[in-house]
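Okay, input.cif is below, mmCIF, C-alpha atoms:
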data_structure
loop_
_atom_site.label_atom_id
_atom_site.label_comp_id
_atom_site.auth_asym_id
_atom_site.auth_seq_id
_atom_site.Cartn_x
_atom_site.Cartn_y
_atom_site.Cartn_z
CA ALA Y 1 10.55 38.03 29.42
CA ILE Y 2 9.19 34.51 29.67
CA PHE Y 3 6.82 35.32 32.51
CA GLY Y 4 6.16 38.96 31.63
CA LEU Y 5 7.34 40.02 35.13
CA SER Y 6 9.96 42.46 36.28
CA GLU Y 7 12.97 41.33 38.26
CA GLN Y 8 11.40 42.47 41.54
CA GLU Y 9 8.14 40.70 40.71
CA LEU Y 10 10.06 37.50 39.96
CA ILE Y 11 11.87 37.68 43.30
CA ARG Y 12 8.63 38.24 45.19
CA ALA Y 13 6.84 35.44 43.35
CA GLY Y 14 9.53 32.81 43.89
CA CYS Y 15 9.26 29.30 42.47
CA ALA Y 16 5.91 28.65 44.12
CA GLY Y 17 4.40 31.77 42.56
CA LEU Y 18 5.63 30.98 39.08
CA ALA Y 19 4.51 27.37 38.88
CA ASP Y 20 0.96 26.31 38.06
CA PRO Y 21 -0.59 25.35 41.41
CA GLN Y 22 -2.76 22.78 39.64
CA ASP Y 23 0.29 20.91 38.31
CA PRO Y 24 1.28 18.26 40.90
CA ARG Y 25 4.67 17.77 39.25
CA HIS Y 26 5.96 21.01 40.84
CA LEU Y 27 5.78 19.55 44.34
CA LEU Y 28 7.35 16.30 43.14
CA ALA Y 29 10.23 18.25 41.57
CA LEU Y 30 10.94 20.12 44.80
CA GLN Y 31 10.90 16.90 46.81
CA GLU Y 32 13.25 15.23 44.33
CA ALA Y 33 15.61 18.23 44.36
CA ARG Y 34 15.77 18.27 48.18
CA ARG Y 35 16.40 14.53 48.25
CA THR Y 36 19.02 14.25 45.48
CA GLY Y 37 20.20 17.85 45.07
CA GLN Y 38 18.59 18.37 41.67
CA ALA Y 39 15.59 17.48 39.51
CA ARG Y 40 14.81 17.76 35.80
CA LEU Y 41 11.28 17.64 34.45
CA GLU Y 42 8.63 19.39 32.44
CA LEU Y 43 5.85 21.24 34.21
CA ASN Y 44 3.33 24.01 33.62
CA CYS Y 45 4.09 27.60 34.66
CA LEU Y 46 2.03 30.81 34.73
CA ARG Y 47 2.69 34.05 32.92
CA LYS Y 48 1.76 37.42 34.41
CA GLY Y 49 -1.75 37.33 32.93
CA GLY Y 50 -2.42 33.78 34.19
CA GLU Y 51 -1.64 32.07 30.88
CA ARG Y 52 -0.29 28.56 31.32
CA PHE Y 53 2.71 27.42 29.30
CA PRO Y 54 4.90 24.29 29.35
CA ALA Y 55 8.46 24.68 30.60
CA GLU Y 56 11.52 22.49 30.86
CA THR Y 57 12.97 22.99 34.34
CA HIS Y 58 16.14 22.05 36.16
CA PHE Y 59 15.96 22.47 39.94
CA VAL Y 60 19.30 22.62 41.80
CA VAL Y 61 19.57 22.76 45.60
CA LEU Y 62 22.84 24.37 46.71
CA SER Y 63 22.56 23.48 50.37
CA ALA Y 64 20.17 21.12 52.04
CA ASP Y 65 20.57 23.07 55.32
CA SER Y 66 19.83 26.49 53.93
CA GLN Y 67 17.24 25.36 51.40
CA GLN Y 68 18.90 27.63 48.86
CA GLY Y 69 19.11 26.83 45.17
CA PHE Y 70 18.21 28.00 41.72
CA VAL Y 71 16.07 26.95 38.78
CA ILE Y 72 16.97 26.89 35.09
CA LEU Y 73 13.80 27.22 33.05
CA ARG Y 74 13.11 27.11 29.31
CA ASP Y 75 9.83 27.87 27.56
CA ILE Y 76 9.01 24.86 25.34
CA SER Y 77 5.66 26.07 24.01
CA HIS Y 78 6.82 25.96 20.39
CA ARG Y 79 8.27 22.51 20.82
CA LYS Y 80 5.04 21.24 22.36
CA GLU Y 81 3.04 22.77 19.52
CA ALA Y 82 5.31 21.05 17.00
CA GLU Y 83 4.99 17.75 18.89
CA GLN Y 84 1.21 18.14 18.95
CA ALA Y 85 1.15 18.85 15.21
CA LEU Y 86 3.33 15.79 14.61
CA GLN Y 87 1.02 13.64 16.72
CA GLU Y 88 -1.96 14.86 14.72
CA GLN Y 89 -0.17 14.03 11.47
CA GLU Y 90 0.73 10.57 12.76
CA LYS Y 91 -2.87 10.05 13.87
CA LEU Y 92 -4.09 11.07 10.40
CA LEU Y 93 -1.53 8.77 8.77
CA ARG Y 94 -2.65 5.82 10.91
CA MET Y 95 -6.28 6.54 10.06
CA VAL Y 96 -5.55 6.70 6.32
CA LEU Y 97 -3.45 3.53 6.47
CA GLY Y 98 -6.24 1.82 8.37
CA LEU Y 99 -8.75 2.70 5.65
CA LEU Y 100 -6.57 1.63 2.72
CA PRO Y 101 -7.53 -1.74 1.16
CA LEU Y 102 -3.87 -2.20 0.18
CA GLY Y 103 -1.18 -3.68 2.38
CA VAL Y 104 1.40 -1.04 3.39
CA TRP Y 105 4.68 -1.74 5.20
CA ILE Y 106 7.45 0.61 6.35
CA PHE Y 107 10.96 -0.81 6.78
CA ASP Y 108 14.03 0.65 8.43
CA GLN Y 109 17.49 0.74 6.87
CA GLN Y 110 18.26 -2.81 8.06
CA GLY Y 111 15.11 -4.18 6.46
CA ARG Y 112 13.20 -4.56 9.72
CA MET Y 113 9.48 -3.91 9.54
CA VAL Y 114 8.64 -0.92 11.77
CA GLN Y 115 5.03 -0.25 10.81
CA ASN Y 116 2.22 -1.76 8.79
CA ASN Y 117 -1.52 -1.33 8.39
CA PRO Y 118 -4.35 -3.83 9.12
CA ALA Y 119 -4.70 -4.82 5.46
CA ALA Y 120 -1.01 -5.73 5.43
CA SER Y 121 -1.42 -7.92 8.51
CA VAL Y 122 -4.32 -9.81 6.93
CA LEU Y 123 -2.48 -10.32 3.63
CA TRP Y 124 0.90 -11.22 5.11
CA SER Y 125 -0.49 -13.62 7.72
CA SER Y 126 -1.92 -15.74 4.91
CA LEU Y 127 1.49 -15.89 3.23
CA ARG Y 128 3.87 -16.37 6.18
CA HIS Y 129 5.87 -19.57 6.41
CA PRO Y 130 7.99 -20.77 9.36
CA ALA Y 131 11.44 -20.39 7.77
CA GLY Y 132 14.75 -18.60 8.29
CA SER Y 133 15.35 -14.95 7.45
CA ALA Y 134 12.75 -12.21 7.24
CA TYR Y 135 12.37 -12.55 3.49
CA GLY Y 136 12.88 -16.30 3.63
CA GLU Y 137 9.60 -16.58 5.50
CA TYR Y 138 7.80 -15.93 2.22
CA ARG Y 139 7.86 -18.04 -0.90
CA GLY Y 140 7.35 -16.31 -4.18
CA ARG Y 141 8.37 -16.25 -7.80
CA GLN Y 142 8.21 -13.62 -10.49
CA THR Y 143 5.17 -14.06 -12.69
CA ALA Y 144 7.00 -12.77 -15.76
CA THR Y 145 9.99 -15.14 -15.52
CA GLY Y 146 8.78 -17.91 -13.21
CA ARG Y 147 12.03 -17.61 -11.21
CA PHE Y 148 11.80 -18.10 -7.45
CA LEU Y 149 12.88 -15.09 -5.40
CA GLY Y 150 16.01 -14.93 -3.31
CA TYR Y 151 16.62 -12.27 -0.67
CA GLU Y 152 18.09 -9.80 -3.15
CA ASP Y 153 15.18 -10.27 -5.58
CA TRP Y 154 12.46 -8.93 -3.31
CA ALA Y 155 11.29 -5.44 -4.26
CA VAL Y 156 11.90 -4.00 -0.78
CA ALA Y 157 15.47 -5.40 -0.75
CA ARG Y 158 16.19 -3.75 -4.10
CA ALA Y 159 14.72 -0.48 -2.83
CA LEU Y 160 16.88 -0.60 0.31
CA ASP Y 161 20.12 -1.88 -1.21
CA GLY Y 162 20.03 -0.17 -4.59
CA GLY Y 163 17.59 2.69 -4.13
CA GLN Y 164 15.41 1.29 -6.89
CA ILE Y 165 11.76 2.23 -7.43
CA ILE Y 166 9.64 -0.83 -8.24
CA LEU Y 167 6.03 -0.36 -9.33
CA ARG Y 168 3.35 -3.09 -9.49
CA GLU Y 169 5.67 -6.04 -9.96
CA ALA Y 170 3.60 -9.23 -10.23
CA ILE Y 171 4.68 -11.96 -7.81
CA GLU Y 172 3.09 -15.38 -7.40
CA MET Y 173 3.20 -16.41 -3.76
CA LEU Y 174 2.31 -19.64 -2.01
CA GLY Y 175 -0.02 -19.20 0.96
CA VAL Y 176 0.06 -21.20 4.16
CA ASP Y 177 -3.09 -22.99 2.98
CA GLY Y 178 -1.34 -24.15 -0.17
CA GLN Y 179 -3.25 -21.74 -2.40
CA ARG Y 180 -1.32 -19.57 -4.82
CA LYS Y 181 -1.86 -15.83 -4.73
CA THR Y 182 -0.89 -13.19 -7.26
CA ILE Y 183 0.42 -10.05 -5.55
CA LEU Y 184 1.34 -6.74 -7.15
CA ILE Y 185 4.26 -5.30 -5.17
CA SER Y 186 5.54 -1.73 -5.27
CA ALA Y 187 8.54 -0.54 -3.25
CA LEU Y 188 10.09 2.90 -2.91
CA PRO Y 189 13.19 3.98 -0.95
CA ILE Y 190 12.94 6.55 1.84
CA ARG Y 191 15.77 9.09 1.68
CA ASN Y 192 17.06 11.70 4.11
CA ARG Y 193 18.16 15.24 3.23
CA GLU Y 194 21.49 13.92 1.98
CA SER Y 195 19.62 11.50 -0.35
CA ALA Y 196 20.89 8.48 1.57
CA VAL Y 197 18.44 5.57 1.80
CA THR Y 198 17.18 5.27 5.38
CA GLY Y 199 14.26 2.91 4.83
CA ALA Y 200 11.62 1.79 2.36
CA VAL Y 201 7.88 1.68 1.83
CA MET Y 202 6.25 -1.37 0.30
CA VAL Y 203 2.67 -1.55 -1.00
CA CYS Y 204 1.02 -4.85 -1.92
CA GLU Y 205 -2.25 -5.58 -3.68
CA ASP Y 206 -3.81 -9.04 -3.86
CA VAL Y 207 -5.05 -9.39 -7.46
CA THR Y 208 -5.62 -13.15 -7.33
CA GLU Y 209 -9.37 -12.81 -7.85
CA GLN Y 210 -8.95 -10.37 -10.75
CA LYS Y 211 -6.37 -12.66 -12.35
CA ASP Y 212 -8.67 -15.67 -11.93
CA HIS Y 213 -11.47 -13.71 -13.57
CA ALA Y 214 -9.16 -12.64 -16.40
CA THR Y 215 -7.97 -16.23 -16.83
CA GLN Y 216 -11.54 -17.50 -16.90
CA LEU Y 217 -12.52 -14.77 -19.38
CA GLU Y 218 -9.56 -15.64 -21.59
CA ARG Y 219 -10.50 -19.33 -21.41
CA THR Y 220 -14.10 -18.53 -22.34
CA VAL Y 221 -13.00 -16.33 -25.24
CA ASN Y 222 -10.66 -19.05 -26.51
CA GLU Y 223 -13.38 -21.69 -26.23
CA ARG Y 224 -15.92 -19.54 -28.08
CA THR Y 225 -13.33 -18.58 -30.71
CA ALA Y 226 -12.55 -22.27 -31.28
CA LYS Y 227 -16.27 -23.09 -31.51
CA LEU Y 228 -16.83 -20.24 -33.98
CA ARG Y 229 -13.89 -21.39 -36.07
CA GLU Y 230 -15.29 -24.92 -36.09
CA THR Y 231 -18.71 -23.63 -37.15
CA VAL Y 232 -17.21 -21.55 -39.96
CA GLU Y 233 -15.24 -24.55 -41.19
CA GLU Y 234 -18.41 -26.65 -41.17
CA LEU Y 235 -20.28 -23.96 -43.15
CA GLU Y 236 -17.46 -23.74 -45.66
CA SER Y 237 -17.48 -27.53 -46.06
CA PHE Y 238 -21.26 -27.55 -46.46
CA SER Y 239 -21.15 -24.73 -49.03
CA TYR Y 240 -18.49 -26.56 -51.05
CA SER Y 241 -20.47 -29.80 -50.95
CA LEU Y 242 -23.67 -28.02 -51.93
CA VAL Y 243 -22.06 -26.33 -54.92
CA HIS Y 244 -20.33 -29.54 -56.00
CA ASP Y 245 -23.39 -31.76 -55.57
CA MET Y 246 -25.78 -29.37 -57.33
CA ARG Y 247 -23.52 -28.78 -60.34
CA ALA Y 248 -24.61 -31.90 -62.31
CA PRO Y 249 -28.39 -31.51 -61.68
CA LEU Y 250 -28.25 -27.87 -62.68
CA ARG Y 251 -26.37 -28.72 -65.87
CA ALA Y 252 -28.96 -31.38 -66.74
CA MET Y 253 -31.80 -28.97 -66.11
CA GLN Y 254 -30.15 -26.35 -68.32
CA THR Y 255 -29.69 -28.91 -71.14
CA TYR Y 256 -33.31 -30.10 -70.85
CA THR Y 257 -34.57 -26.52 -70.98
CA THR Y 258 -32.54 -25.80 -74.12
CA VAL Y 259 -33.82 -28.95 -75.92
CA LEU Y 260 -37.40 -28.24 -74.91
CA GLU Y 261 -37.14 -24.72 -76.23
CA GLN Y 262 -35.70 -25.89 -79.56
CA GLU Y 263 -38.21 -28.69 -80.21
CA ALA Y 264 -41.42 -27.31 -78.81
CA GLY Y 265 -40.78 -23.63 -78.65
CA GLN Y 266 -43.27 -22.82 -81.43
CA HIS Y 267 -46.05 -24.56 -79.51
CA LEU Y 268 -45.44 -22.69 -76.26
CA SER Y 269 -47.01 -19.36 -75.34
CA PRO Y 270 -44.79 -16.34 -74.65
CA GLU Y 271 -45.66 -16.67 -70.95
CA ALA Y 272 -44.37 -20.29 -70.88
CA LEU Y 273 -41.17 -19.28 -72.56
#

I'd like the structure from this file rewritten - as structure tokens, please.
Amino acid sequence: AIFGLSEQELIRAGCAGLADPQDPRHLLALQEARRTGQARLELNCLRKGGERFPAETHFVVLSADSQQGFVILRDISHRKEAEQALQEQEKLLRMVLGLLPLGVWIFDQQGRMVQNNPAASVLWSSLRHPAGSAYGEYRGRQTATGRFLGYEDWAVARALDGGQIILREAIEMLGVDGQRKTILISALPIRNRESAVTGAVMVCEDVTEQKDHATQLERTVNERTAKLRETVEELESFSYSLVHDMRAPLRAMQTYTTVLEQEAGQHLSPEAL
């Protein structure tokens, strides 16, 4: 059924007629089987119509003198197709990770880093310190509380040990150059079909520049608000002084006008009044 041949056609073809003549591994398998008595390998075979397909083969030589033996063969076309599809998915994943401006790390169940993207390498290399444990190599503290992080405080440790999901947690980290960086860290556990945690994914974003801009903007707003408040206070003081200082002259002018009207009103024209 695998080759599309009848039993008689299989007997006439023999091993040499079933194997792809362009696959050099067939000859190597026969040589290995004659030398050791058996050989296991994958090689290409031919169906009745000439179609090539991958097969997993096990050559067994029964007697070195008689050159007799048998072959156990299994069509692995579907497995190869699945492996090819998986390779394409992994290639796509690596390409996407390579394009991401965010640092991405994948950890196994023991907390060992098994994969990361270029952005992660650039970010982490600027933060690494020669210290003890994997997490001890990095110095950080929570922005919200100011508390320095121990092993169990890191987002990836909480995702691995407790299955927690941590999103955009702000951490202030000290770089190898002495500069402080603000990093937003997200960590999510990886679970198998039984929901057991088998690893974790961590995503980091360096927001130091944005935070510096926000800090500068806040400082500018505070400075301008203070200046505006000072100006308003000065205007209020000036207005009060103006009203207070002009009160006596205005009262004198009003009195003078009243006296003038009473004593000389009959001599003044209606327009003057």

*Answer key for the PyMOL selection byres ((chain Y and resi 165) around 12), residues as a list in words*: Trp154, Ala155, Val156, Ala157, Arg158, Ala159, Leu160, Asp161, Gly162, Gly163, Gln164, Ile166, Leu167, Arg168, Glu169, Ile185, Ser186, Ala187, Leu188, Pro189, Ile190, Val197, Ala200, Val201, Met202 and Val203 of chain Y

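Pairwise distance (CA of Phe70 (chain Y), CA of Gly50 (chain Y)) equals 22.7 Å.
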
*Determine the residue membership of the PyMOL selection byres ((chain Y and resi 33) around 10) for the file above and supply it as a PyMOL selection string.*
chain Y and resi 27-32+34-40+58-62+64+69

_Counting all atoms listed in the file, which residue out of Y:Gln109, Y:Gln216, Y:Ser241, Y:Gln210 sits closest to Asn192 (chain Y)?_
Y:Gln109

*d(CA of Arg139 (chain Y), CA of Leu100 (chain Y)) in Å*: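 That distance, rounded to one decimal, is 24.7 Å.
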
*Residue with smallest distance to Cys15 (chain Y) - pool Y:Phe148, Y:Trp124, Y:Trp105, Y:Phe3, counting all atoms listed in the file*: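 Smallest distance to Cys15 (chain Y) is found for Y:Phe3.
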